[in-house]
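Participant: The following file, run_17.tsv, comprises TSV, C-alpha atoms and all ligand atoms:
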chain	number	residue	atom	x	y	z
A	268	MET	CA	87.41	79.70	112.92
A	269	ALA	CA	87.62	83.11	114.59
A	270	GLY	CA	91.07	84.26	115.73
A	271	LEU	CA	92.16	84.55	119.31
A	272	GLU	CA	90.67	87.64	120.91
A	273	LEU	CA	90.44	87.18	124.66
A	274	ALA	CA	92.65	85.44	127.21
A	275	ILE	CA	91.22	84.63	130.63
A	276	ILE	CA	94.01	84.54	133.18
A	277	LEU	CA	93.24	82.33	136.16
A	278	PRO	CA	95.82	82.59	138.95
A	279	THR	CA	95.49	79.45	141.03
A	280	LEU	CA	96.63	78.11	144.34
A	281	ASP	CA	94.90	74.88	145.32
A	282	GLU	CA	91.88	75.21	143.03
A	283	ARG	CA	91.86	71.73	141.46
A	284	ASP	CA	88.19	70.97	141.93
A	285	ASN	CA	87.07	74.39	140.74
A	286	LEU	CA	88.73	74.25	137.31
A	287	ALA	CA	86.57	71.88	135.26
A	288	PRO	CA	83.24	73.45	136.26
A	289	LEU	CA	84.65	76.96	135.75
A	290	LEU	CA	85.86	76.13	132.25
A	291	ALA	CA	82.39	74.85	131.42
A	292	ARG	CA	80.87	78.13	132.63
A	293	ILE	CA	83.39	80.20	130.65
A	294	ALA	CA	82.71	78.21	127.48
A	295	GLU	CA	79.01	78.68	127.98
A	296	ALA	CA	79.43	82.43	128.39
A	297	LEU	CA	81.85	83.00	125.50
A	298	GLY	CA	80.89	80.42	122.89
A	299	PRO	CA	83.20	77.97	121.14
A	300	THR	CA	86.07	80.11	119.80
A	301	GLY	CA	88.04	83.34	120.08
A	302	TRP	CA	89.31	82.81	123.62
A	303	GLU	CA	91.83	80.88	125.66
A	304	VAL	CA	92.21	80.20	129.36
A	305	LEU	CA	95.61	80.48	130.93
A	306	VAL	CA	95.95	78.81	134.30
A	307	VAL	CA	98.88	80.35	136.19
A	308	ASP	CA	99.52	77.93	139.01
A	309	ASP	CA	102.08	78.36	141.78
A	310	ASN	CA	102.86	74.67	142.00
A	311	SER	CA	99.78	73.91	144.11
A	312	ALA	CA	100.07	70.92	146.40
A	313	ASP	CA	96.61	69.69	145.42
A	314	GLY	CA	97.61	69.05	141.80
A	315	THR	CA	95.86	72.02	140.19
A	316	ALA	CA	98.47	72.19	137.40
A	317	GLU	CA	98.06	68.46	136.71
A	318	GLU	CA	94.32	68.92	136.49
A	319	ALA	CA	94.76	71.89	134.14
A	320	ARG	CA	97.03	69.80	131.90
A	321	ARG	CA	94.51	66.97	131.93
A	322	LEU	CA	91.77	69.37	130.81
A	323	ALA	CA	94.08	70.98	128.23
A	324	LEU	CA	94.75	67.60	126.59
A	325	GLY	CA	91.13	67.48	125.58
A	326	ASP	CA	90.72	71.20	124.87
A	327	SER	CA	93.37	73.28	123.13
A	328	ARG	CA	91.82	76.52	124.41
A	329	ILE	CA	93.37	75.77	127.78
A	330	ARG	CA	96.99	76.45	128.66
A	331	VAL	CA	99.06	76.04	131.80
A	332	LEU	CA	101.86	78.10	133.27
A	333	GLN	CA	103.28	76.26	136.26
A	334	ARG	CA	105.54	78.45	138.39
A	335	ILE	CA	107.96	76.83	140.76
A	336	GLY	CA	109.50	78.61	143.73
A	337	ARG	CA	107.40	81.72	143.21
A	338	ARG	CA	104.32	83.01	144.93
A	339	GLY	CA	101.81	85.76	144.61
A	340	LEU	CA	98.54	86.57	142.94
A	341	SER	CA	99.81	89.82	141.39
A	342	SER	CA	102.93	88.40	139.85
A	343	ALA	CA	100.96	85.37	138.59
A	344	ALA	CA	98.46	87.69	136.90
A	345	ILE	CA	101.23	89.77	135.33
A	346	GLU	CA	103.03	86.72	133.96
A	347	GLY	CA	99.77	85.45	132.57
A	348	LEU	CA	99.03	88.79	130.92
A	349	CYS	CA	102.46	88.74	129.29
A	350	ALA	CA	102.18	85.12	128.17
A	351	THR	CA	99.28	85.43	125.76
A	352	ALA	CA	99.05	86.63	122.18
A	353	ALA	CA	95.42	87.66	122.64
A	354	PRO	CA	94.82	91.43	122.27
A	355	PHE	CA	92.47	91.44	125.28
A	356	ALA	CA	92.77	89.71	128.62
A	357	ALA	CA	90.73	89.32	131.77
A	358	VAL	CA	91.99	88.34	135.20
A	359	MET	CA	89.57	86.48	137.42
A	360	ASP	CA	89.42	84.24	140.49
A	361	ALA	CA	89.31	80.53	139.74
A	362	ASP	CA	86.97	79.81	142.65
A	363	HIS	CA	83.64	80.81	141.03
A	364	GLN	CA	83.30	84.05	142.99
A	365	HIS	CA	83.40	85.95	139.69
A	366	ASP	CA	80.59	85.37	137.23
A	367	PRO	CA	82.06	84.61	133.75
A	368	ARG	CA	78.94	85.96	132.02
A	369	LEU	CA	80.20	89.48	132.78
A	370	LEU	CA	83.12	88.86	130.39
A	371	VAL	CA	80.91	89.60	127.39
A	372	PRO	CA	79.88	93.18	128.26
A	373	MET	CA	83.34	93.87	129.75
A	374	LEU	CA	85.04	92.85	126.50
A	375	ALA	CA	82.58	94.91	124.46
A	376	ALA	CA	83.36	98.03	126.54
A	377	VAL	CA	87.14	97.73	126.07
A	378	ARG	CA	86.95	96.62	122.45
A	379	SER	CA	84.83	99.65	121.51
A	380	GLY	CA	87.27	102.00	123.20
A	381	GLU	CA	84.62	103.14	125.67
A	382	ALA	CA	86.99	102.00	128.44
A	383	ASP	CA	90.66	101.16	128.87
A	384	VAL	CA	89.86	98.88	131.77
A	385	ALA	CA	86.57	97.15	132.54
A	386	VAL	CA	86.23	96.38	136.24
A	387	ALA	CA	83.71	94.07	137.85
A	388	SER	CA	82.86	95.90	141.03
A	389	ARG	CA	81.43	94.59	144.28
A	390	PHE	CA	80.58	98.14	145.31
A	391	ALA	CA	78.98	99.55	142.15
A	392	GLU	CA	75.29	100.41	141.97
A	393	GLY	CA	73.41	97.13	141.57
A	394	ALA	CA	76.20	94.88	142.86
A	395	SER	CA	75.72	92.51	145.75
A	396	MET	CA	77.79	90.58	148.24
A	397	ALA	CA	74.84	88.88	149.91
A	398	ASP	CA	75.88	85.43	148.70
A	399	TRP	CA	79.48	85.82	149.84
A	400	GLY	CA	78.64	85.15	153.48
A	401	ARG	CA	81.70	87.00	154.79
A	402	PRO	CA	80.57	90.29	156.41
A	403	ASP	CA	84.02	90.58	158.04
A	404	ARG	CA	85.78	90.56	154.67
A	405	GLU	CA	83.12	92.85	153.25
A	406	ARG	CA	83.91	95.47	155.89
A	407	LEU	CA	87.66	95.02	155.46
A	408	SER	CA	87.31	95.51	151.71
A	409	GLY	CA	85.25	98.64	152.19
A	410	PHE	CA	87.89	100.08	154.50
A	411	ALA	CA	90.80	99.11	152.23
A	412	ASN	CA	88.95	100.65	149.28
A	413	ARG	CA	88.55	103.99	151.00
A	414	LEU	CA	92.19	104.04	152.08
A	415	ALA	CA	93.38	103.11	148.59
A	416	ARG	CA	91.23	105.78	146.95
A	417	ARG	CA	92.56	108.38	149.33
A	418	LEU	CA	96.22	107.44	148.87
A	419	THR	CA	96.36	106.74	145.17
A	420	GLY	CA	93.69	109.11	143.91
A	421	VAL	CA	92.00	106.47	141.76
A	422	ALA	CA	88.30	107.17	141.56
A	423	LEU	CA	86.46	103.90	141.30
A	424	SER	CA	84.17	101.99	143.60
A	425	ASP	CA	86.26	98.81	143.93
A	426	PRO	CA	89.99	99.30	143.29
A	427	MET	CA	90.54	96.01	145.15
A	428	SER	CA	88.57	93.99	142.63
A	429	GLY	CA	90.31	90.88	141.36
A	430	TYR	CA	88.13	90.75	138.23
A	431	PHE	CA	88.94	93.10	135.35
A	432	LEU	CA	89.61	93.17	131.61
A	433	LEU	CA	91.98	95.28	129.53
A	434	ARG	CA	94.10	95.34	126.38
A	435	THR	CA	97.16	93.13	126.87
A	436	GLU	CA	99.24	95.88	125.28
A	437	THR	CA	98.34	98.17	128.20
A	438	ALA	CA	99.45	95.50	130.64
A	439	ARG	CA	102.71	94.86	128.78
A	440	THR	CA	103.53	98.57	128.72
A	441	LEU	CA	103.03	98.90	132.48
A	442	ALA	CA	104.47	95.53	133.51
A	443	PRO	CA	108.11	96.60	133.99
A	444	ARG	CA	107.05	99.29	136.46
A	445	LEU	CA	104.51	97.36	138.55
A	446	SER	CA	105.38	96.55	142.12
A	447	ALA	CA	103.80	93.07	141.76
A	448	ILE	CA	103.51	92.64	145.49
A	449	GLY	CA	100.61	90.84	147.08
A	450	PHE	CA	97.33	90.70	145.24
A	451	LYS	CA	96.34	94.29	144.49
A	452	ILE	CA	97.10	94.02	140.81
A	453	LEU	CA	94.35	96.31	139.53
A	454	LEU	CA	95.31	99.09	141.93
A	455	ASP	CA	98.92	98.61	140.92
A	456	LEU	CA	98.08	98.97	137.22
A	457	LEU	CA	95.97	102.09	137.73
A	458	ALA	CA	98.41	103.80	140.07
A	459	THR	CA	101.37	103.05	137.80
A	460	SER	CA	99.88	104.37	134.57
A	461	GLU	CA	100.83	107.98	133.88
A	462	LYS	CA	97.91	108.43	131.56
A	463	THR	CA	94.59	108.25	133.42
A	464	LEU	CA	92.95	105.01	132.34
A	465	LYS	CA	89.29	105.21	131.42
A	466	ILE	CA	87.30	102.80	133.51
A	467	SER	CA	83.90	101.20	133.12
A	468	GLU	CA	82.47	99.45	136.14
A	469	PHE	CA	80.22	96.43	135.98
A	470	PRO	CA	78.16	95.55	139.03
A	471	LEU	CA	79.16	92.11	140.25
A	472	ASP	CA	77.17	89.67	142.31
A	473	PHE	CA	80.11	88.41	144.30
A	474	ALA	CA	79.41	84.75	144.98
A	475	ALA	CA	80.67	82.41	147.67
A	476	ARG	CA	83.75	80.36	146.88
A	477	ARG	CA	82.78	76.98	145.43
A	478	SER	CA	85.45	74.69	146.85
A	479	GLY	CA	88.57	75.17	148.99
A	480	GLU	CA	89.53	78.19	151.08
A	481	SER	CA	90.50	81.82	150.50
A	482	LYS	CA	94.27	82.32	150.21
A	483	LEU	CA	94.14	85.97	151.07
A	484	ASP	CA	93.08	85.86	154.70
A	485	ARG	CA	96.51	85.23	156.13
A	486	ALA	CA	98.54	87.75	154.22
A	487	VAL	CA	95.76	90.19	153.39
A	488	ALA	CA	96.64	93.14	155.60
A	489	PHE	CA	100.39	92.80	155.35
A	490	ASP	CA	100.54	92.64	151.56
A	491	PHE	CA	98.14	95.52	151.30
A	492	LEU	CA	100.31	97.77	153.47
A	493	ALA	CA	103.47	96.68	151.68
A	494	GLY	CA	101.83	97.54	148.35
A	495	LEU	CA	100.78	101.00	149.55
A	496	TYR	CA	104.25	101.65	150.94
A	497	ASP	CA	105.76	100.58	147.64
A	498	LYS	CA	103.61	102.99	145.65
A	499	SER	CA	104.26	105.89	148.05
A	500	PHE	CA	107.93	105.61	149.03
A	501	GLY	CA	109.13	102.57	147.08
A	502	ARG	CA	111.14	104.63	144.63
A	503	LEU	CA	113.04	106.33	147.42
A	504	ILE	CA	113.71	103.26	149.55
A	505	PRO	CA	112.73	99.93	147.95
A	506	THR	CA	110.08	98.05	149.93
A	507	ARG	CA	112.15	94.96	150.51
A	508	PHE	CA	115.09	96.96	151.77
A	509	ALA	CA	112.79	98.92	154.08
A	510	MET	CA	111.47	95.65	155.52
A	511	PHE	CA	114.97	94.26	155.82
A	512	GLY	CA	116.06	97.40	157.66
A	513	THR	CA	113.06	97.28	160.00
A	514	VAL	CA	113.81	93.66	160.80
A	515	GLY	CA	117.43	94.68	161.42
A	516	ALA	CA	116.30	97.38	163.86
A	517	LEU	CA	114.18	94.83	165.73
A	518	GLY	CA	117.27	92.62	165.75
A	519	VAL	CA	119.08	95.31	167.73
A	520	LEU	CA	116.39	95.07	170.41
A	521	VAL	CA	116.75	91.30	170.49
A	522	HIS	CA	120.51	91.73	170.73
A	523	MET	CA	120.18	94.03	173.76
A	524	ALA	CA	117.68	91.73	175.47
A	525	VAL	CA	119.91	88.69	175.07
A	526	LEU	CA	122.99	90.66	176.07
A	527	TYR	CA	121.46	91.86	179.34
A	528	LEU	CA	119.93	88.48	180.04
A	529	PHE	CA	123.37	86.88	179.98
A	530	LEU	CA	125.17	89.77	181.70
A	531	LEU	CA	122.72	90.23	184.53
A	532	THR	CA	121.23	86.84	185.24
A	533	ALA	CA	123.98	84.44	184.18
A	534	GLY	CA	126.93	86.69	185.01
A	535	THR	CA	128.52	85.86	181.65
A	536	ALA	CA	131.66	87.81	180.73
A	537	PHE	CA	130.97	90.63	178.25
A	538	PRO	CA	132.75	89.17	175.19
A	539	TRP	CA	130.80	85.93	175.50
A	540	ALA	CA	127.52	87.70	176.18
A	541	GLN	CA	128.10	89.95	173.18
A	542	ALA	CA	128.91	86.95	170.97
A	543	ILE	CA	125.81	85.06	172.09
A	544	ALA	CA	123.66	88.16	171.58
A	545	THR	CA	125.07	88.68	168.09
A	546	PHE	CA	124.31	85.10	167.23
A	547	GLY	CA	120.82	85.35	168.69
A	548	ALA	CA	120.09	88.56	166.80
A	549	MET	CA	121.29	87.09	163.50
A	550	THR	CA	119.14	84.02	164.03
A	551	PHE	CA	116.14	86.18	164.86
A	552	ASN	CA	116.75	88.36	161.80
A	553	PHE	CA	117.07	85.32	159.59
A	554	TRP	CA	113.81	83.90	160.90
A	555	LEU	CA	111.84	87.15	160.57
A	556	ASN	CA	113.22	87.96	157.13
A	557	ASN	CA	112.33	84.46	156.01
A	558	PHE	CA	108.86	84.96	157.42
A	559	LEU	CA	108.14	88.50	156.19
A	560	THR	CA	110.68	90.14	153.90
A	561	TYR	CA	111.09	87.11	151.68
A	562	ARG	CA	107.74	85.45	152.35
A	563	ASP	CA	107.30	84.98	148.60
A	564	ARG	CA	110.52	82.96	148.49
A	565	ARG	CA	110.30	81.45	151.96
A	566	LEU	CA	112.67	78.60	152.74
A	567	THR	CA	110.63	75.79	154.28
A	568	ARG	CA	112.39	72.43	153.89
A	569	PRO	CA	114.62	71.78	156.93
A	570	GLY	CA	117.75	71.39	154.79
A	571	ALA	CA	117.06	74.64	152.96
A	572	VAL	CA	116.38	76.48	156.23
A	573	LEU	CA	119.65	75.24	157.72
A	574	ARG	CA	121.64	76.20	154.64
A	575	GLY	CA	119.84	79.56	154.51
A	576	TRP	CA	120.60	80.26	158.15
A	577	LEU	CA	124.30	79.48	157.72
A	578	SER	CA	124.60	81.57	154.57
A	579	PHE	CA	122.73	84.42	156.27
A	580	ILE	CA	125.31	84.40	159.05
A	581	ALA	CA	128.10	84.36	156.45
A	582	ALA	CA	126.48	87.26	154.57
A	583	CYS	CA	126.12	89.26	157.79
A	584	SER	CA	129.78	88.70	158.59
A	585	VAL	CA	130.73	90.31	155.30
A	586	GLY	CA	128.39	93.20	156.11
A	587	ALA	CA	129.91	93.55	159.57
A	588	PHE	CA	133.39	93.64	158.10
A	589	ALA	CA	132.43	96.39	155.64
A	590	ASN	CA	130.69	98.23	158.47
A	591	VAL	CA	133.75	98.25	160.74
A	592	ALA	CA	136.17	99.04	157.90
A	593	VAL	CA	134.21	102.04	156.63
A	594	ALA	CA	133.38	103.39	160.10
A	595	THR	CA	137.01	103.13	161.20
A	596	THR	CA	138.29	104.90	158.10
A	597	LEU	CA	135.82	107.75	158.55
A	598	TYR	CA	136.54	108.00	162.27
A	599	ASP	CA	140.29	108.15	161.60
A	600	ARG	CA	139.67	111.02	159.21
A	601	GLY	CA	138.05	112.98	161.97
A	602	LEU	CA	134.34	112.23	161.56
A	603	HIS	CA	132.36	112.21	164.81
A	604	GLU	CA	132.04	108.69	166.24
A	605	VAL	CA	128.24	108.61	166.09
A	606	ALA	CA	128.22	109.71	162.44
A	607	ALA	CA	130.99	107.22	161.61
A	608	ALA	CA	129.07	104.42	163.33
A	609	LEU	CA	125.84	105.30	161.51
A	610	VAL	CA	127.51	105.37	158.11
A	611	GLY	CA	129.12	102.01	158.95
A	612	ILE	CA	125.75	100.56	159.91
A	613	GLY	CA	124.19	101.90	156.71
A	614	ILE	CA	126.90	100.43	154.49
A	615	GLY	CA	126.87	97.14	156.41
A	616	SER	CA	123.08	96.87	155.97
A	617	VAL	CA	123.29	97.42	152.24
A	618	TRP	CA	125.89	94.65	152.03
A	619	ASN	CA	123.81	92.32	154.18
A	620	PHE	CA	120.78	93.02	152.08
A	621	ALA	CA	122.51	92.63	148.73
A	622	LEU	CA	124.29	89.42	149.69
A	623	SER	CA	121.40	87.75	151.44
A	624	SER	CA	118.82	88.60	148.82
A	625	ARG	CA	121.10	86.99	146.29
A	626	PHE	CA	122.68	84.09	148.15
A	627	VAL	CA	120.17	83.25	150.87
A	628	TRP	CA	116.80	83.86	149.19
A	629	GLY	CA	117.81	84.31	145.57
A	630	ARG	CA	118.53	81.75	142.90
A	631	TYR	CA	121.95	81.99	141.47
B	1	LIG	N1	99.14	81.72	141.26
B	1	LIG	C1	98.67	82.16	142.43
B	1	LIG	N2	99.57	82.50	143.42
B	1	LIG	N3	97.34	82.28	142.63
B	1	LIG	C2	96.90	82.71	143.82
B	1	LIG	C3	97.74	83.06	144.87
B	1	LIG	C4	99.16	82.94	144.65
B	1	LIG	O1	99.99	83.22	145.52
B	1	LIG	N4	96.99	83.48	145.94
B	1	LIG	C5	95.71	83.35	145.53
B	1	LIG	N5	95.65	82.89	144.27
B	1	LIG	C6	94.46	82.64	143.44
B	1	LIG	C7	93.39	81.80	144.08
B	1	LIG	O2	93.58	80.44	143.83
B	1	LIG	C8	92.13	82.34	143.41
B	1	LIG	O3	91.92	81.77	142.15
B	1	LIG	C9	92.46	83.82	143.22
B	1	LIG	O4	93.87	83.90	143.19
B	1	LIG	C10	91.90	84.72	144.32
B	1	LIG	O5	92.30	84.21	145.59
B	1	LIG	P1	91.23	83.92	146.74
B	1	LIG	O6	91.92	83.15	147.78
B	1	LIG	O7	89.98	83.34	146.17
B	1	LIG	O8	90.97	85.40	147.24
B	1	LIG	P2	89.68	86.04	147.90
B	1	LIG	O9	88.45	85.52	147.28
B	1	LIG	O10	89.81	85.95	149.36
B	1	LIG	O11	89.90	87.57	147.48
B	1	LIG	C11	89.14	88.15	146.43
B	1	LIG	O12	88.76	89.40	146.86
B	1	LIG	C12	89.80	90.37	147.00
B	1	LIG	C13	89.25	91.64	147.52
B	1	LIG	O13	88.76	91.46	148.82
B	1	LIG	C14	89.98	88.24	145.15
B	1	LIG	O14	89.09	88.56	144.08
B	1	LIG	C15	91.05	89.29	145.19
B	1	LIG	O15	91.60	89.45	143.90
B	1	LIG	C16	90.43	90.58	145.66
B	1	LIG	O16	91.44	91.56	145.74
B	2	MN	MN	88.12	84.09	145.91
Take the structure in the file and write it out as structure tokens.
Ligand code: GDD
Ligand code: MN
Facilitator:
Amino acid sequence: MAGLELAIILPTLDERDNLAPLLARIAEALGPTGWEVLVVDDNSADGTAEEARRLALGDSRIRVLQRIGRRGLSSAAIEGLCATAAPFAAVMDADHQHDPRLLVPMLAAVRSGEADVAVASRFAEGASMADWGRPDRERLSGFANRLARRLTGVALSDPMSGYFLLRTETARTLAPRLSAIGFKILLDLLATSEKTLKISEFPLDFAARRSGESKLDRAVAFDFLAGLYDKSFGRLIPTRFAMFGTVGALGVLVHMAVLYLFLLTAGTAFPWAQAIATFGAMTFNFWLNNFLTYRDRRLTRPGAVLRGWLSFIAACSVGAFANVAVATTLYDRGLHEVAAALVGIGIGSVWNFALSSRFVWGRY
């Protein structure tokens, strides 16, 4: 029996019905041995992981990595790439949009050293998206591709492709430095590597999804922008902190709106209006952070949301205390009040961020 050469990483979210037919197509393309399939499932509600285990019982080339409490195509792909002993690995969609027959020439190109990364491209000469049936997504992809090429300097026709093959050693070397946000894993790998990776492109006939729905429509634009931010400024100010700070700034607007609402229309006394506004702003910040900043760890069960909200308020109180203490000290030492207030706000935000990312949205 030939040794293990190629791992096919299939990130999945609600792909139960696509698995069995896809495995049959992969086996047909690759022959009986030398490969394994690793299904990296984010605890899909439709029982994808169960289905993968059922298939694996009858076929030892199939493995399952079931992730609980985590989300994201990129991070699923990275964990898959790091969880195989195979020297080569491919990442592909589990929904039949990517033709498994391309694996053979892609593997040959990387194995021979002709390329570091083989990319199946929807935009290469000879590729087609006619069967996809989504001209809106086609246009969006074209636009995102141009923007990504401009900003990251990678020169290939489809840096957004979700279908590529490389040496697992390359992936393991880069893994600690990847931003792992959203689903732009290929772009992330290429932009992170200091050495320019040699790329071979393979024209792909991008098919329509076989069963179920695309998971990328909802978060597509947001994750893409977050990923670009992360690659451009992420080292200076981490992406999550930048989002947290932006949400905080919006919270100030909410605070002012609530404050004036109570002062002007209800005639509430200032201390009460200020307290209500503070409470309102904290609640708004909790909600928006849960929705955006920590969308990959979003609290959804009512009990968890309630506990999260209360601990967020507790965390913010600690931040507020640090804020006032630092600002007062600096002010007493003669710093201008605006500067003292700004430093206080900065320190308070770091505390809020550190505490809430650990105790509200973290696992400890
Ligand atoms: N584990 C895990 N976690 N898997 C996920 C997640 C997630 O959060 N989100 C999506 N997936 C899986 C899907 O189940 C599917 O197998 C694959 O990742 C791609 O997701 P789709 O929902 O099929 O994405 P798409 O077809 O709209 O997007 C395709 O085109 C993009 C470019 O426009 C993909 O090939 C993307 O990789 C590609 O960037
Ligand atoms: Mn798809």
Participant: Skip region 619-631 of chain A itself and residues of its chain fewer than 6 positions away, then list as a PyMOL selection string all residues within 8 Å of it, counting only C-alpha atoms.
Facilitator: chain A and resi 508+511+561+564-566+575-576+578-579+582-583+585-586
Participant: Would you work out the distance separating CA of Asn552 (chain A) from CA of Asp497 (chain A), expressed in Å to one decimal?
Facilitator: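 CA of Asp497 (chain A) lies 21.7 Å from CA of Asn552 (chain A).
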Participant: Ligand MN 2 (chain B): which residues are within 6 Å, counting all atoms listed in the file, as an mmCIF file with C-alpha atoms, in the frame of the given file?
Facilitator:
data_model
loop_
_atom_site.group_PDB
_atom_site.id
_atom_site.type_symbol
_atom_site.label_atom_id
_atom_site.label_comp_id
_atom_site.auth_asym_id
_atom_site.auth_seq_id
_atom_site.Cartn_x
_atom_site.Cartn_y
_atom_site.Cartn_z
ATOM 1 C CA ASP A 360 89.420 84.240 140.490
ATOM 2 C CA ASP A 362 86.970 79.810 142.650
ATOM 3 C CA GLN A 364 83.300 84.050 142.990
ATOM 4 C CA ARG A 476 83.750 80.360 146.880
ATOM 5 C CA SER A 481 90.500 81.820 150.500
#
Participant: Quick one: axis-aligned box around all listed atoms of ligand LIG 1 (chain B), 3 Å on every side, centre and edge lengths in Å to one decimal, written as lines of an AutoDock Vina configuration file.
Facilitator:
center_x = 94.2
center_y = 86.0
center_z = 145.3
size_x = 17.5
size_y = 17.2
size_z = 14.1
Participant: With all atoms listed in the file as the counted atoms, please give the residues lying no more than 10 Å from Ala357 (chain A), apart from itself and same-chain residues fewer than 4 positions off, as an mmCIF file with C-alpha atoms, in the frame of the given file.
Facilitator:
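In the end it all went to out.cif:
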data_model
loop_
_atom_site.group_PDB
_atom_site.id
_atom_site.type_symbol
_atom_site.label_atom_id
_atom_site.label_comp_id
_atom_site.auth_asym_id
_atom_site.auth_seq_id
_atom_site.Cartn_x
_atom_site.Cartn_y
_atom_site.Cartn_z
ATOM 1 C CA LEU A 273 90.440 87.180 124.660
ATOM 2 C CA ALA A 274 92.650 85.440 127.210
ATOM 3 C CA ILE A 275 91.220 84.630 130.630
ATOM 4 C CA ILE A 276 94.010 84.540 133.180
ATOM 5 C CA LEU A 277 93.240 82.330 136.160
ATOM 6 C CA VAL A 304 92.210 80.200 129.360
ATOM 7 C CA ALA A 344 98.460 87.690 136.900
ATOM 8 C CA GLY A 347 99.770 85.450 132.570
ATOM 9 C CA LEU A 348 99.030 88.790 130.920
ATOM 10 C CA LEU A 370 83.120 88.860 130.390
ATOM 11 C CA MET A 373 83.340 93.870 129.750
ATOM 12 C CA LEU A 374 85.040 92.850 126.500
ATOM 13 C CA VAL A 384 89.860 98.880 131.770
ATOM 14 C CA ALA A 385 86.570 97.150 132.540
ATOM 15 C CA VAL A 386 86.230 96.380 136.240
ATOM 16 C CA GLY A 429 90.310 90.880 141.360
ATOM 17 C CA TYR A 430 88.130 90.750 138.230
ATOM 18 C CA PHE A 431 88.940 93.100 135.350
ATOM 19 C CA LEU A 432 89.610 93.170 131.610
ATOM 20 C CA LEU A 433 91.980 95.280 129.530
ATOM 21 C CA ARG A 434 94.100 95.340 126.380
ATOM 22 C CA THR A 435 97.160 93.130 126.870
#
Participant: Separation of CA of Arg283 (chain A) and atom O2 of ligand LIG 1 (chain B), in Å?
Facilitator: 9.2 Å
Participant: Report the closest atom pair, with its distance in Å rounded to one decimal, for each residue of chain A that has an atom no farther than 6 Å from ligand LIG 1 (chain B); count only C-alpha atoms and all ligand atoms, sort by chain and then rising residue number, and write it as a tab-separated table.
Facilitator:
residue	atom	partner	partner_atom	distance
A:Pro278	CA	B:LIG1	N3	4.0
A:Thr279	CA	B:LIG1	O2	3.5
A:Leu280	CA	B:LIG1	O2	3.9
A:Asp281	CA	B:LIG1	O2	5.9
A:Glu282	CA	B:LIG1	O2	5.6
A:Val307	CA	B:LIG1	N1	5.3
A:Asp308	CA	B:LIG1	N1	4.4
A:Asp309	CA	B:LIG1	N1	4.5
A:Arg338	CA	B:LIG1	O1	4.4
A:Gly339	CA	B:LIG1	O1	3.3
A:Leu340	CA	B:LIG1	C4	4.1
A:Ala343	CA	B:LIG1	N1	4.9
A:Asp360	CA	B:LIG1	O3	3.9
A:Ala361	CA	B:LIG1	O3	3.8
A:Asp362	CA	B:LIG1	O3	5.3
A:Ser408	CA	B:LIG1	O13	5.2
A:Met427	CA	B:LIG1	O16	4.6
A:Ser428	CA	B:LIG1	O16	4.9
A:Gly429	CA	B:LIG1	O15	3.2
A:Phe450	CA	B:LIG1	O16	6.0
A:Lys451	CA	B:LIG1	O16	5.7
A:Ser481	CA	B:LIG1	O6	3.3
A:Lys482	CA	B:LIG1	O6	3.5
A:Leu483	CA	B:LIG1	O10	4.7
Participant: Could you write those residues out with C-alpha atoms, as a PDB file, in the coordinates of the input?
Facilitator:
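Result went into again-v6.pdb, see below:
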ATOM      1  CA  PRO A 278      95.820  82.590 138.950  1.00  0.00           C
ATOM      2  CA  THR A 279      95.490  79.450 141.030  1.00  0.00           C
ATOM      3  CA  LEU A 280      96.630  78.110 144.340  1.00  0.00           C
ATOM      4  CA  ASP A 281      94.900  74.880 145.320  1.00  0.00           C
ATOM      5  CA  GLU A 282      91.880  75.210 143.030  1.00  0.00           C
ATOM      6  CA  VAL A 307      98.880  80.350 136.190  1.00  0.00           C
ATOM      7  CA  ASP A 308      99.520  77.930 139.010  1.00  0.00           C
ATOM      8  CA  ASP A 309     102.080  78.360 141.780  1.00  0.00           C
ATOM      9  CA  ARG A 338     104.320  83.010 144.930  1.00  0.00           C
ATOM     10  CA  GLY A 339     101.810  85.760 144.610  1.00  0.00           C
ATOM     11  CA  LEU A 340      98.540  86.570 142.940  1.00  0.00           C
ATOM     12  CA  ALA A 343     100.960  85.370 138.590  1.00  0.00           C
ATOM     13  CA  ASP A 360      89.420  84.240 140.490  1.00  0.00           C
ATOM     14  CA  ALA A 361      89.310  80.530 139.740  1.00  0.00           C
ATOM     15  CA  ASP A 362      86.970  79.810 142.650  1.00  0.00           C
ATOM     16  CA  SER A 408      87.310  95.510 151.710  1.00  0.00           C
ATOM     17  CA  MET A 427      90.540  96.010 145.150  1.00  0.00           C
ATOM     18  CA  SER A 428      88.570  93.990 142.630  1.00  0.00           C
ATOM     19  CA  GLY A 429      90.310  90.880 141.360  1.00  0.00           C
ATOM     20  CA  PHE A 450      97.330  90.700 145.240  1.00  0.00           C
ATOM     21  CA  LYS A 451      96.340  94.290 144.490  1.00  0.00           C
ATOM     22  CA  SER A 481      90.500  81.820 150.500  1.00  0.00           C
ATOM     23  CA  LYS A 482      94.270  82.320 150.210  1.00  0.00           C
ATOM     24  CA  LEU A 483      94.140  85.970 151.070  1.00  0.00           C
TER      25      LEU A 483
END
Participant: Between A:Glu405, A:Asp398, A:Glu436, A:Asp366, which is the closest to Ala353 (chain A) once you count only C-alpha atoms?
Facilitator: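 Distance minimum relative to Ala353 (chain A) lands on A:Glu436.
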Participant: So how far away is CA of Leu528 (chain A) from CA of Ala581 (chain A), in Å?
Facilitator: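 About the pair CA of Ala581 (chain A) and CA of Leu528 (chain A): they are 25.3 Å apart.
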Participant: Applying 12 Å and only C-alpha atoms, which residues near Met549 (chain A) remain after dropping the ones on its own chain fewer than 2 positions away? List them as a PyMOL selection string.
Facilitator: chain A and resi 514-522+525+542-547+551-557+575-584+586-587+619
